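Trainee: Please find one structure pasted underneath; my questions will follow.
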Amino acid sequence: VKTICVVGAGRVGRLHTRNLTESLGGRAVVTAIVDPDQDRARELAAEYSVPRTFPSLDNALASASFDGAVITTPTFTHAREAVAALTAGLHVHLEKPMAMNLVECGQIRAAERKAGTAIQLGFMRRFDPDFTEAAALVASGEIGDPMILKSLTHGPGLPPAWATDIRTSNGMLAEVNSHDLDTVSWFADAEPTDISVRVANFKGAQRGVATPGFYDTLTATITYPTGTLAIVTGACPADYGYDSRLEVLGTCGMLQVGDTGPGGLSTIAGSAGQSTRLFRSWRDRFARAYAQEMTDFVAAMDGAPVRVGTKAGARAVALVLAGTLSLLEQRTVMLSEVTDDPVTPSWQDGN
Ligand SMILES: NC(=O)c1ccc[n+]([C@@H]2O[C@H](COP(=O)([O-])OP(=O)(O)OC[C@H]3O[C@@H](n4cnc5c(N)ncnc54)[C@H](O)[C@@H]3O)[C@@H](O)[C@H]2O)c1
């Protein structure tokens with residue numbers, strides 16, 4: 001039985017604690033919850049009979065031993081927490097986005113190489129049966145070479161406050177659309193060449209978000225050296241529900257992944273119509289994927305291959321940084337501008 005420390009008792013920490021406790025047939029046990037908000041940690045621990053809580057990962061590592069850490073803290077803490085866990089010899093599941101910038105991604109990858117343990121990134125679409133079947137179909141050549149990839153995510157409500165500030169999260173491109181950035185590179189099976197992002201803000205003021213640089217709507221165009229063109233769109237808050245879809249147009253056909261809800265629907269008006277069948281949240285849309293993700297993480301501790309790791313994680317962060325530069329400077333940005341000489345981006349200075 002693998003012992004796991006869950007770091008961060010927020011929305012995702014709660015979800016993974018539940019899956020580790022209830023979906024793995026006893027192959028793993030959460031033995032500690034870490035959160036500086038000790039009330040939150042204690043509440044989650046009590047719900048799933050987790051014996052211990054700690055205010056920091058350092059405290060937990062000093063007082064107990066674990067096989068793995070599931071890191072679900074705000075993005076600006078990922079590098080620190082992941083490096084600490086890897087350095088202590090733990091296997092790590094790290095939530096997306098991997099980190100704030102490529103300097104931090106480099107620190108995590110160096111710690112990974114030293115530790116030799118497994119690190120899995122929280123791109124749950126990689127664990128979803130529809131997405132994985134579609135990826136296998138594209139890889140088999142069934143629909144030819146990908147010409148256009150369209151990937152969208154609409155999130156239901158505003159994320160936590162830290163995630164609406166580009167200085168502490170890189171904004172929606174990172175928090176919401178990281179998943180799409182990973183998906184299109186996964187399906188293109190190539191390293192992106194450039195990205196162009198445009199953004200808008202429809203609902204921020206009415207929801208009381210006055211953070212500089214906040215946007216709730218975006219489109220991104222990404223090109224690949226293979227000629228494949230990708231379009232990523234995002235909106236959050238979309239209010240009507242959680243919506244994740246992908247379309248692949250290939251030289252010999254097309255495929256689509258995702259419907260707006262179980263059973264599907266083509267139009268939705270207003271906010272979350274009562275009679276419509278919708279996914280209310282990412283927890284519902286990807287319920288099976290999240291459970292599979294924890295199953296795979298525990299299997300990786302016994303040497304199974306990691307389905308999505310730090311290479312893909314750093315690639316998505318590079319797209320976030322080039323994309324943010326693109327929206328701030330209103331121009332197309334080559335990926336090489338951010339990858340050739342990794343630095344802390346100007347908008348993160350002082351944080
Ligand atoms: N894969 C997904 O579908 C998905 C969905 C939502 C969020 N996320 C990602 O998960 C991460 C957490 O998001 P969330 O929505 O759960 O955030 P959240 O704000 O709900 O929870 C974060 C928790 O971490 C705690 N925390 C802060 N610093 C900490 C530290 N150093 N050590 C331990 N705990 C600490 C906070 O007190 C809080 O309780 C983010 O990186 C986010 O992008 C992933």
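The chains in the structure tokens are called A, B, ... from first to last as shown; in each chain the residues are counted from 1, and the ligands are counted from 1 in the order shown.
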Give me the residues within 8 Å of A:Thr221 as a PDB file with all heavy atoms, in the first residue's frame, counting only C-alpha atoms and dropping any in the same chain fewer than 4 places off.
Mentor:
```pdb
ATOM      1  N   ILE A 195       2.753  31.344 -31.531  1.00  0.00           N
ATOM      2  CA  ILE A 195       1.409  31.495 -30.964  1.00  0.00           C
ATOM      3  C   ILE A 195       0.987  32.959 -31.034  1.00  0.00           C
ATOM      4  O   ILE A 195       1.823  33.862 -30.895  1.00  0.00           O
ATOM      5  CB  ILE A 195       1.367  30.979 -29.500  1.00  0.00           C
ATOM      6  CG1 ILE A 195      -0.043  31.111 -28.893  1.00  0.00           C
ATOM      7  CG2 ILE A 195       2.384  31.685 -28.606  1.00  0.00           C
ATOM      8  CD1 ILE A 195      -0.220  30.366 -27.561  1.00  0.00           C
ATOM      9  N   SER A 196      -0.300  33.148 -31.294  1.00  0.00           N
ATOM     10  CA  SER A 196      -0.859  34.500 -31.310  1.00  0.00           C
ATOM     11  C   SER A 196      -2.150  34.472 -30.491  1.00  0.00           C
ATOM     12  O   SER A 196      -3.026  33.644 -30.740  1.00  0.00           O
ATOM     13  CB  SER A 196      -1.133  34.899 -32.757  1.00  0.00           C
ATOM     14  OG  SER A 196      -1.842  36.100 -32.771  1.00  0.00           O
ATOM     15  N   VAL A 197      -2.248  35.354 -29.518  1.00  0.00           N
ATOM     16  CA  VAL A 197      -3.397  35.329 -28.589  1.00  0.00           C
ATOM     17  C   VAL A 197      -4.104  36.675 -28.591  1.00  0.00           C
ATOM     18  O   VAL A 197      -3.460  37.728 -28.593  1.00  0.00           O
ATOM     19  CB  VAL A 197      -2.913  35.003 -27.146  1.00  0.00           C
ATOM     20  CG1 VAL A 197      -4.067  35.055 -26.155  1.00  0.00           C
ATOM     21  CG2 VAL A 197      -2.248  33.629 -27.100  1.00  0.00           C
ATOM     22  N   LEU A 229      -2.370  23.551 -38.093  1.00  0.00           N
ATOM     23  CA  LEU A 229      -2.791  24.803 -37.455  1.00  0.00           C
ATOM     24  C   LEU A 229      -3.708  24.443 -36.284  1.00  0.00           C
ATOM     25  O   LEU A 229      -4.578  23.571 -36.423  1.00  0.00           O
ATOM     26  CB  LEU A 229      -3.577  25.672 -38.436  1.00  0.00           C
ATOM     27  CG  LEU A 229      -2.850  26.065 -39.728  1.00  0.00           C
ATOM     28  CD1 LEU A 229      -3.820  26.790 -40.664  1.00  0.00           C
ATOM     29  CD2 LEU A 229      -1.647  26.955 -39.418  1.00  0.00           C
ATOM     30  N   ALA A 230      -3.527  25.128 -35.155  1.00  0.00           N
ATOM     31  CA  ALA A 230      -4.391  24.859 -34.001  1.00  0.00           C
ATOM     32  C   ALA A 230      -5.046  26.140 -33.524  1.00  0.00           C
ATOM     33  O   ALA A 230      -4.430  27.209 -33.549  1.00  0.00           O
ATOM     34  CB  ALA A 230      -3.574  24.241 -32.868  1.00  0.00           C
ATOM     35  N   ILE A 231      -6.305  26.000 -33.122  1.00  0.00           N
ATOM     36  CA  ILE A 231      -7.032  27.128 -32.545  1.00  0.00           C
ATOM     37  C   ILE A 231      -7.539  26.700 -31.177  1.00  0.00           C
ATOM     38  O   ILE A 231      -8.217  25.675 -31.048  1.00  0.00           O
ATOM     39  CB  ILE A 231      -8.234  27.539 -33.423  1.00  0.00           C
ATOM     40  CG1 ILE A 231      -7.762  27.978 -34.796  1.00  0.00           C
ATOM     41  CG2 ILE A 231      -9.013  28.671 -32.753  1.00  0.00           C
ATOM     42  CD1 ILE A 231      -8.898  28.058 -35.802  1.00  0.00           C
ATOM     43  N   VAL A 232      -7.190  27.488 -30.176  1.00  0.00           N
ATOM     44  CA  VAL A 232      -7.651  27.238 -28.814  1.00  0.00           C
ATOM     45  C   VAL A 232      -8.545  28.401 -28.414  1.00  0.00           C
ATOM     46  O   VAL A 232      -8.186  29.556 -28.644  1.00  0.00           O
ATOM     47  CB  VAL A 232      -6.445  27.132 -27.847  1.00  0.00           C
ATOM     48  CG1 VAL A 232      -6.879  27.221 -26.389  1.00  0.00           C
ATOM     49  CG2 VAL A 232      -5.665  25.842 -28.104  1.00  0.00           C
TER      50      VAL A 232
END
```
Trainee: Set the cut-off to 9 Å, count only C-alpha atoms and all ligand atoms, and list whatever residues fall near ligand 1 as an NGL selection string.
Mentor: :A and (6-15 or 33-38 or 40-41 or 54-58 or 71-78 or 80-81 or 94-99 or 121-125 or 159-163 or 169 or 174-176 or 178-179 or 282-283 or 286 or 290)
Trainee: Please report the interatomic distance between atom CA of A:Phe214 and atom CA of A:Arg167 in Å with one decimal.
Mentor: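 Answer for the atom CA of A:Phe214 to atom CA of A:Arg167 separation: 10.0 Å.
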Trainee: Counting only C-alpha atoms, which of A:Leu149, A:Val199, A:Met254, A:Leu102 gets nearest to A:Cys236?
Mentor: A:Val199
Trainee: Need to verify the contact set: A:Leu321, 10 Å, only C-alpha atoms, exclusion of same-chain residues closer than 3 positions in sequence. Can you return it as a ChimeraX atom specification?
Mentor: /A:100-102,170,173-174,195,315-318,324-327,333,335,337-339,344-345
Trainee: Store the residues picked out above in a file with C-alpha atoms, as a PDB file, in the first residue's frame.
Mentor:
```
ATOM      1  CA  MET A 100       4.989  29.836 -13.395  1.00  0.00           C
ATOM      2  CA  ASN A 101       7.843  29.967 -15.890  1.00  0.00           C
ATOM      3  CA  LEU A 102      10.583  27.960 -17.575  1.00  0.00           C
ATOM      4  CA  ASN A 170      -0.377  33.684 -15.802  1.00  0.00           C
ATOM      5  CA  LEU A 173      -4.413  30.943 -20.663  1.00  0.00           C
ATOM      6  CA  ALA A 174      -2.587  28.988 -17.951  1.00  0.00           C
ATOM      7  CA  ILE A 195       1.409  31.495 -30.964  1.00  0.00           C
ATOM      8  CA  ARG A 315       5.907  22.772 -23.324  1.00  0.00           C
ATOM      9  CA  ALA A 316       2.503  23.982 -22.111  1.00  0.00           C
ATOM     10  CA  VAL A 317       4.190  26.550 -19.840  1.00  0.00           C
ATOM     11  CA  ALA A 318       6.246  27.778 -22.822  1.00  0.00           C
ATOM     12  CA  THR A 324       0.891  35.992 -22.612  1.00  0.00           C
ATOM     13  CA  LEU A 325       3.667  37.949 -24.326  1.00  0.00           C
ATOM     14  CA  SER A 326       1.578  37.819 -27.488  1.00  0.00           C
ATOM     15  CA  LEU A 327      -1.512  39.263 -25.818  1.00  0.00           C
ATOM     16  CA  VAL A 333       5.436  35.302 -30.646  1.00  0.00           C
ATOM     17  CA  LEU A 335       8.273  29.869 -29.003  1.00  0.00           C
ATOM     18  CA  GLU A 337      11.702  33.760 -27.830  1.00  0.00           C
ATOM     19  CA  VAL A 338      10.819  32.216 -24.467  1.00  0.00           C
ATOM     20  CA  THR A 339      12.605  28.863 -24.661  1.00  0.00           C
ATOM     21  CA  THR A 344      11.330  35.211 -15.164  1.00  0.00           C
ATOM     22  CA  PRO A 345       8.826  37.137 -17.306  1.00  0.00           C
TER      23      PRO A 345
END
```
Trainee: Please identify which residues in stretch 119-288 of chain A DSSP calls alpha helix (DSSP H) from the backbone, and express them as an MDAnalysis selection string.
Mentor: chainID A and resid 129:139 166:169 171:175 178:188 282:285 287:288
Trainee: Include C-alpha atoms and write out the residues we just selected as a compact mmCIF listing (two decimals), in the first residue's frame.
Mentor:
```
# COMPACT_ATOMS: atom_id res chain seq x y z
CA PRO A 129 -11.24 7.47 -22.48
CA ASP A 130 -12.63 9.71 -25.28
CA PHE A 131 -9.48 11.79 -25.64
CA THR A 132 -7.13 8.80 -25.46
CA GLU A 133 -9.17 6.85 -28.03
CA ALA A 134 -9.16 9.87 -30.34
CA ALA A 135 -5.39 10.27 -29.94
CA ALA A 136 -4.89 6.61 -30.80
CA LEU A 137 -7.10 7.01 -33.89
CA VAL A 138 -5.12 10.03 -35.08
CA ALA A 139 -1.81 8.26 -34.38
CA ILE A 166 -1.63 37.06 -14.34
CA ARG A 167 1.15 37.87 -11.84
CA THR A 168 0.38 34.84 -9.65
CA SER A 169 -1.09 32.47 -12.23
CA GLY A 171 -4.15 34.12 -16.09
CA MET A 172 -6.75 32.08 -17.90
CA LEU A 173 -4.41 30.94 -20.66
CA ALA A 174 -2.59 28.99 -17.95
CA GLU A 175 -5.34 28.19 -15.46
CA SER A 178 -3.28 24.85 -20.27
CA HIS A 179 -5.31 21.73 -20.93
CA ASP A 180 -6.01 22.79 -24.52
CA LEU A 181 -2.39 23.85 -25.05
CA ASP A 182 -1.30 20.37 -23.98
CA THR A 183 -4.04 18.70 -26.04
CA VAL A 184 -3.20 20.40 -29.34
CA SER A 185 0.53 19.65 -29.02
CA TRP A 186 -0.32 16.05 -28.06
CA PHE A 187 -2.53 15.63 -31.15
CA ALA A 188 -0.17 17.56 -33.44
CA TRP A 282 -14.76 19.74 -14.60
CA ARG A 283 -15.24 17.22 -11.78
CA ASP A 284 -18.26 15.73 -13.63
CA ARG A 285 -16.91 15.92 -17.17
CA ALA A 287 -14.74 12.07 -13.31
CA ARG A 288 -13.35 8.89 -14.86
```
